[in-house]
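Have a look at the structure below, then the notes.
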Amino acid sequence: MTTKADVLIVGAGPTGLVLAIDLARRGVIPRIIDAGRADHRESRAVSIVARSLEMLDDLGLAQAAIERGVPLHTLNFYQGTTTLAEMDVTAVDSPFPLDLCIPQWQTVTLLRERAEELGVTIEWDTRLVGQQAGEHGVTVELQHGDGRSQRCETGWLIGADGAHSTVRETAGITRERADLKRGFILGDVAVDWPLTRDRFHVYFDASGLVAVFPMIGGYWRILASAPDDRPPATPGLDDFAAYVAERTPLDSHVRDLQWSSSFVARESLADRLRHGRILLAGDAAHSHSPVGGQGMNTGMQDAYNLGWKLALVVTGRAEDSLLDSYQAERWPIVKAVVDATSTTTKVATGTALVARRARRHALRLFGRLNPVQQRLSNAFGEHLVHYRDSDLVFERWHESQARAWSDVACTGPEAGELVRDAYVENREGPVALRHILRTPGHHLVLFAADTTDSATLAAWQPSAHEAMAGHGEVHVITRGHLPHDPMDGVFADLRSEAHNRYGVRRPSLYLIRPDKYVGFRGDSVDFAPVSDYFRALGARP
Ligand SMILES: Cc1cc2nc3c(=O)[nH]c(=O)nc-3n(C[C@H](O)[C@H](O)[C@H](O)COP(=O)(O)OP(=O)(O)OC[C@H]3O[C@@H](n4cnc5c(N)ncnc54)[C@H](O)[C@@H]3O)c2cc1C
């Protein structure tokens, strides 16, 4: 029997599930399959960074995730009994200035529940075994656990099927690979030791590193570099106890192993993310060592970049050329993540004397320099990711007013940069900008500066809505009091917090994309560029 789907997602890991949720909340219910079983639990990635928490907040899941994890604010590096550096991860400019320690199966459970609430059915025990791509879609061969085969014709095939991706292999997408020859063991254990549970602790020693992260239920994740590239497949309690005793000064008793695994750090990067009607995301496109904790976070951000674009294309509201921007925007980002992780892994695990000395000096230095800490904190939180070079985003300046942003200390996010949060007010009280921007479309924010008269505010709205052409909402933020007559979508910014965060002094526009990056900004109330933006997107009303 041949079935049909608009979108088939292969893989219900964190990447595939974020994409399924993002599509479903935009009215596109995808088909999603996974070769594994529904009750399969793996701890794997334990760190959710600030940018991913913002994304989860947008999907309505951040609070639930925080309740199921351990929020951490500091990263301590030691050598023996000496503290080399203390990194403050709260220096990131985010409403979630923390790193959340939560086992991957918990994150996946939250995502699964949300996907199912939105009407997505995850088909477990169903494996993609082959595919044939055509001009208008892809025909795939599926194998069910009970031996049944099935054929499915899908408009779009998404490979979110992990590092050994069948989608990638059968599509003939090649990848660059390198073996870092660094082995690691990792496990979730209970340990008696005098460590505080409010931070990460990383110990360096001549023989390697031990990193420990507090987990829910009083457990700890231990990650240790192995001396060769052949670590035991399923390390036991003794392995963890031996590394802790050898590389830390802690008086410890390691007991109750919940889960363990090992891996050899290899990096891989697909040469492209799109091949006609096939798209790759997450580990299927890029994988690397877990040092730095970026793997799962980067995959979820791929999905968040792709979701809104794919939904517009599938619903016939944009040309499929829009999907080329997924490749153009994400590939440079994932390449940078793979390269940076490779360097970090080598620096963190180097055991030669010169490498150890360099690491010690670098850590001591950065521990003392606030700007370096701030930059690292933003990098760690994935807040330095931007799409400024994307063809989709632009700014429009009126020459006579070209200093609208530049004459204030805070210049506001540029086109292609992340939105900033701030509190404004409506009639019910204070409301966070990120919550105003939560509905899953574009958002046009009109900063009215000192314009407060209802007639002008009311006159702007029809033109703004016309320029948006049904692609999202319009919000007006005035520095004055709310107009006397209730008006939808008008907010007061009496303390100028939002205006300052966006560097705005005169009436200006910010068009926010569904993935919460600035698509366009202009320093006047001219709606023509908003229409230009949607035209460039290939979007139809
Ligand atoms: C041992 C280990 C430890 C790790 N630790 C960390 C860490 O500490 N920090 C970190 O950031 N990252 C870590 N990672 C990496 C992190 O787990 C991945 O980056 C993350 O899981 C990627 O998510 P994904 O959804 O792209 O792929 P995956 O989570 O791999 O999901 C892919 C899914 O596709 C399914 N699938 C595969 N092939 C098929 C097929 N042919 N048909 C149907 N379904 C298929 C699989 O069953 C799987 O459920 C670790 C990985 C491993 C293996």
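Labels used: A, B, ... for chains in the order of the structure tokens, numbers from 1 for residues in each chain, and numbers from 1 for ligands as shown.
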
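Neighbouring residues of Gly172 of chain A at 10 Å or closer, counting only C-alpha atoms and skipping chain neighbours under 5 positions away, are Thr166, Val167 and His275 of chain A.
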
Keeping only N, CA and C atoms, write those residues as a PDB file, in the first residue's frame.
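Done, and the output landed in result-v6.pdb:
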```pdb
ATOM      1  N   THR A 166      20.288   7.456   7.424  1.00  0.00           N
ATOM      2  CA  THR A 166      19.992   6.742   6.176  1.00  0.00           C
ATOM      3  C   THR A 166      19.528   7.738   5.115  1.00  0.00           C
ATOM      4  N   VAL A 167      18.804   8.767   5.550  1.00  0.00           N
ATOM      5  CA  VAL A 167      18.331   9.773   4.588  1.00  0.00           C
ATOM      6  C   VAL A 167      19.536  10.407   3.888  1.00  0.00           C
ATOM      7  N   HIS A 275      18.873  18.955  -0.562  1.00  0.00           N
ATOM      8  CA  HIS A 275      19.095  18.318  -1.852  1.00  0.00           C
ATOM      9  C   HIS A 275      17.709  18.151  -2.448  1.00  0.00           C
TER      10      HIS A 275
END
```

For this session: Please run DSSP on the backbone and report, as a count of residues only, all residues within segment 226-372 of chain A that come out as strand (DSSP E).
Result: 26

Exercise. Could you pull the residues within 6 Å of Leu72 of chain A, counting only C-alpha atoms, minus those fewer than 5 positions along the same chain, as an MDAnalysis selection string?
Worked result: chainID A and resid 98:99 198:199

Would you put the residues from that selection into a file with C-alpha atoms, as a PDB file, in the first residue's frame?
```pdb
ATOM      1  CA  LEU A  98      21.349  29.890  32.974  1.00  0.00           C
ATOM      2  CA  ASP A  99      22.294  26.496  31.683  1.00  0.00           C
ATOM      3  CA  ASP A 198      24.676  24.777  41.788  1.00  0.00           C
ATOM      4  CA  ARG A 199      27.399  24.578  39.135  1.00  0.00           C
TER       5      ARG A 199
END
```

For this session: Find the spatial neighbours of Thr107 of chain A, counting only C-alpha atoms, within a cut-off of 12 Å - ignore same-chain residues fewer than 2 positions away - and output them as a PyMOL selection string.
Result: chain A and resi 12-15+17-18+41-48+52-53+56+61-62+64-69+100-105+109-114+296-297+300

With N, CA and C atoms retained, write the just-selected residues as a short mmCIF file (atom, residue, chain, number, x, y, z; two decimals), in the first residue's frame.
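Dumped everything to out.cif:
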```
data_model
loop_
_atom_site.label_atom_id
_atom_site.label_comp_id
_atom_site.auth_asym_id
_atom_site.auth_seq_id
_atom_site.Cartn_x
_atom_site.Cartn_y
_atom_site.Cartn_z
N ALA A 12 12.60 10.76 15.62
CA ALA A 12 11.88 11.49 16.68
C ALA A 12 12.81 11.77 17.85
N GLY A 13 14.03 12.22 17.53
CA GLY A 13 14.94 12.73 18.56
C GLY A 13 14.61 14.20 18.79
N PRO A 14 15.45 14.92 19.52
CA PRO A 14 15.15 16.34 19.81
C PRO A 14 14.95 17.17 18.54
N THR A 15 15.74 16.92 17.51
CA THR A 15 15.63 17.73 16.29
C THR A 15 14.31 17.48 15.58
N LEU A 17 11.58 16.23 16.70
CA LEU A 17 10.40 16.61 17.49
C LEU A 17 10.19 18.12 17.49
N VAL A 18 11.28 18.90 17.60
CA VAL A 18 11.11 20.36 17.55
C VAL A 18 10.51 20.75 16.20
N ARG A 41 15.08 5.02 26.54
CA ARG A 41 15.53 6.20 27.30
C ARG A 41 17.04 6.31 27.25
N GLU A 42 17.54 7.45 26.80
CA GLU A 42 19.00 7.66 26.85
C GLU A 42 19.29 9.01 27.46
N SER A 43 20.28 9.04 28.32
CA SER A 43 20.58 10.28 29.03
C SER A 43 21.32 11.27 28.12
N ARG A 44 22.31 10.80 27.40
CA ARG A 44 23.10 11.56 26.40
C ARG A 44 23.28 13.04 26.73
N ALA A 45 22.70 13.95 25.91
CA ALA A 45 22.95 15.39 26.12
C ALA A 45 22.25 15.88 27.38
N VAL A 46 23.00 16.58 28.25
CA VAL A 46 22.39 17.02 29.52
C VAL A 46 22.29 18.53 29.64
N SER A 47 22.77 19.26 28.62
CA SER A 47 22.81 20.71 28.81
C SER A 47 21.91 21.43 27.81
N ILE A 48 20.98 22.22 28.34
CA ILE A 48 20.16 23.07 27.47
C ILE A 48 20.59 24.51 27.71
N SER A 52 18.29 27.87 23.59
CA SER A 52 17.33 26.77 23.45
C SER A 52 16.19 26.93 24.46
N LEU A 53 16.50 27.48 25.64
CA LEU A 53 15.42 27.72 26.61
C LEU A 53 14.45 28.77 26.07
N LEU A 56 12.33 26.95 23.68
CA LEU A 56 11.35 26.12 24.40
C LEU A 56 10.26 27.00 25.00
N LEU A 61 7.31 25.44 26.62
CA LEU A 61 7.87 24.31 27.38
C LEU A 61 8.98 24.69 28.36
N ALA A 62 9.41 25.95 28.37
CA ALA A 62 10.60 26.29 29.17
C ALA A 62 10.37 26.04 30.66
N ALA A 64 8.30 24.02 32.20
CA ALA A 64 8.24 22.58 32.51
C ALA A 64 9.64 21.99 32.47
N ALA A 65 10.48 22.44 31.54
CA ALA A 65 11.84 21.91 31.45
C ALA A 65 12.63 22.32 32.70
N ILE A 66 12.49 23.59 33.10
CA ILE A 66 13.24 24.08 34.26
C ILE A 66 12.82 23.29 35.51
N GLU A 67 11.52 22.97 35.60
CA GLU A 67 11.06 22.20 36.77
C GLU A 67 11.63 20.79 36.79
N ARG A 68 11.98 20.25 35.62
CA ARG A 68 12.49 18.87 35.57
C ARG A 68 14.02 18.81 35.54
N GLY A 69 14.67 19.96 35.59
CA GLY A 69 16.13 19.96 35.50
C GLY A 69 16.76 20.72 36.65
N LEU A 100 20.63 24.74 31.71
CA LEU A 100 19.77 23.77 32.38
C LEU A 100 20.33 22.37 32.21
N CYS A 101 20.55 21.71 33.34
CA CYS A 101 21.06 20.35 33.31
C CYS A 101 19.88 19.38 33.38
N ILE A 102 19.61 18.68 32.31
CA ILE A 102 18.44 17.81 32.24
C ILE A 102 18.77 16.67 31.28
N PRO A 103 18.48 15.42 31.68
CA PRO A 103 18.83 14.32 30.77
C PRO A 103 18.04 14.38 29.46
N GLN A 104 18.67 13.91 28.40
CA GLN A 104 18.05 14.04 27.08
C GLN A 104 16.68 13.37 27.02
N TRP A 105 16.52 12.24 27.74
CA TRP A 105 15.22 11.57 27.65
C TRP A 105 14.11 12.43 28.24
N THR A 109 10.94 13.64 26.22
CA THR A 109 9.58 13.37 26.73
C THR A 109 8.71 14.62 26.66
N LEU A 110 9.29 15.76 27.09
CA LEU A 110 8.53 17.02 27.03
C LEU A 110 8.13 17.34 25.59
N LEU A 111 9.08 17.17 24.69
CA LEU A 111 8.80 17.50 23.28
C LEU A 111 7.75 16.55 22.71
N ARG A 112 7.85 15.27 23.08
CA ARG A 112 6.88 14.29 22.58
C ARG A 112 5.48 14.64 23.04
N GLU A 113 5.37 14.99 24.34
CA GLU A 113 4.05 15.32 24.89
C GLU A 113 3.45 16.51 24.15
N ARG A 114 4.29 17.50 23.89
CA ARG A 114 3.81 18.72 23.22
C ARG A 114 3.38 18.39 21.78
N MET A 296 23.00 18.81 20.76
CA MET A 296 21.54 18.78 20.74
C MET A 296 20.97 20.19 20.55
N ASN A 297 21.60 21.17 21.18
CA ASN A 297 21.12 22.55 21.07
C ASN A 297 21.16 23.03 19.62
N MET A 300 18.36 21.43 17.55
CA MET A 300 17.03 22.02 17.79
C MET A 300 16.93 23.39 17.11
#
```

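Counting only C-alpha atoms and all ligand atoms and comparing A:Gly183, A:Pro507, A:Pro214, A:Gly282, the residue that lies closest to ligand 1 is A:Gly282.
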
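Residues in contact with segment 454-457 of chain A at 10 Å, where only C-alpha atoms are counted and same-chain residues fewer than 3 positions away are skipped, are listed as Leu446, Ala448, Thr451, Trp460, Gln461, Pro462, Val476, Ile477, Thr478, Leu482, Pro483, His484, Asp485, Pro486, Met487 and Val490 of chain A.
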
Problem set entry | Nearest-residue call for Pro227 of chain A, choices A:Ser207, A:Ser289, A:Thr3, A:Thr411, using only C-alpha atoms | A:Ser207

For this session: Please provide as number ranges by chain all residues within 10 Å of Asp532 of chain A, with the sequence filter that same-chain residues fewer than 4 positions apart are discarded (counting only C-alpha atoms).
Result: A: 394, 467, 520, 527-528, 536-538

Save out the residues we just selected, C-alpha atoms, as a CSV table (one decimal), in the first residue's frame.
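The resulting file, again36.csv, is reproduced below:
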```csv
chain,number,residue,atom,x,y,z
A,394,PHE,CA,17.9,43.9,5.5
A,467,ALA,CA,2.0,45.4,4.5
A,520,PHE,CA,14.0,44.0,8.8
A,527,PHE,CA,5.7,50.2,5.4
A,528,ALA,CA,6.9,49.7,1.9
A,536,ALA,CA,11.9,38.8,-1.3
A,537,LEU,CA,10.8,35.8,0.8
A,538,GLY,CA,8.7,34.7,-2.2
```

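Pairwise distance (atom CA of Val372 of chain A, atom CA of Pro71 of chain A) equals 22.4 Å.
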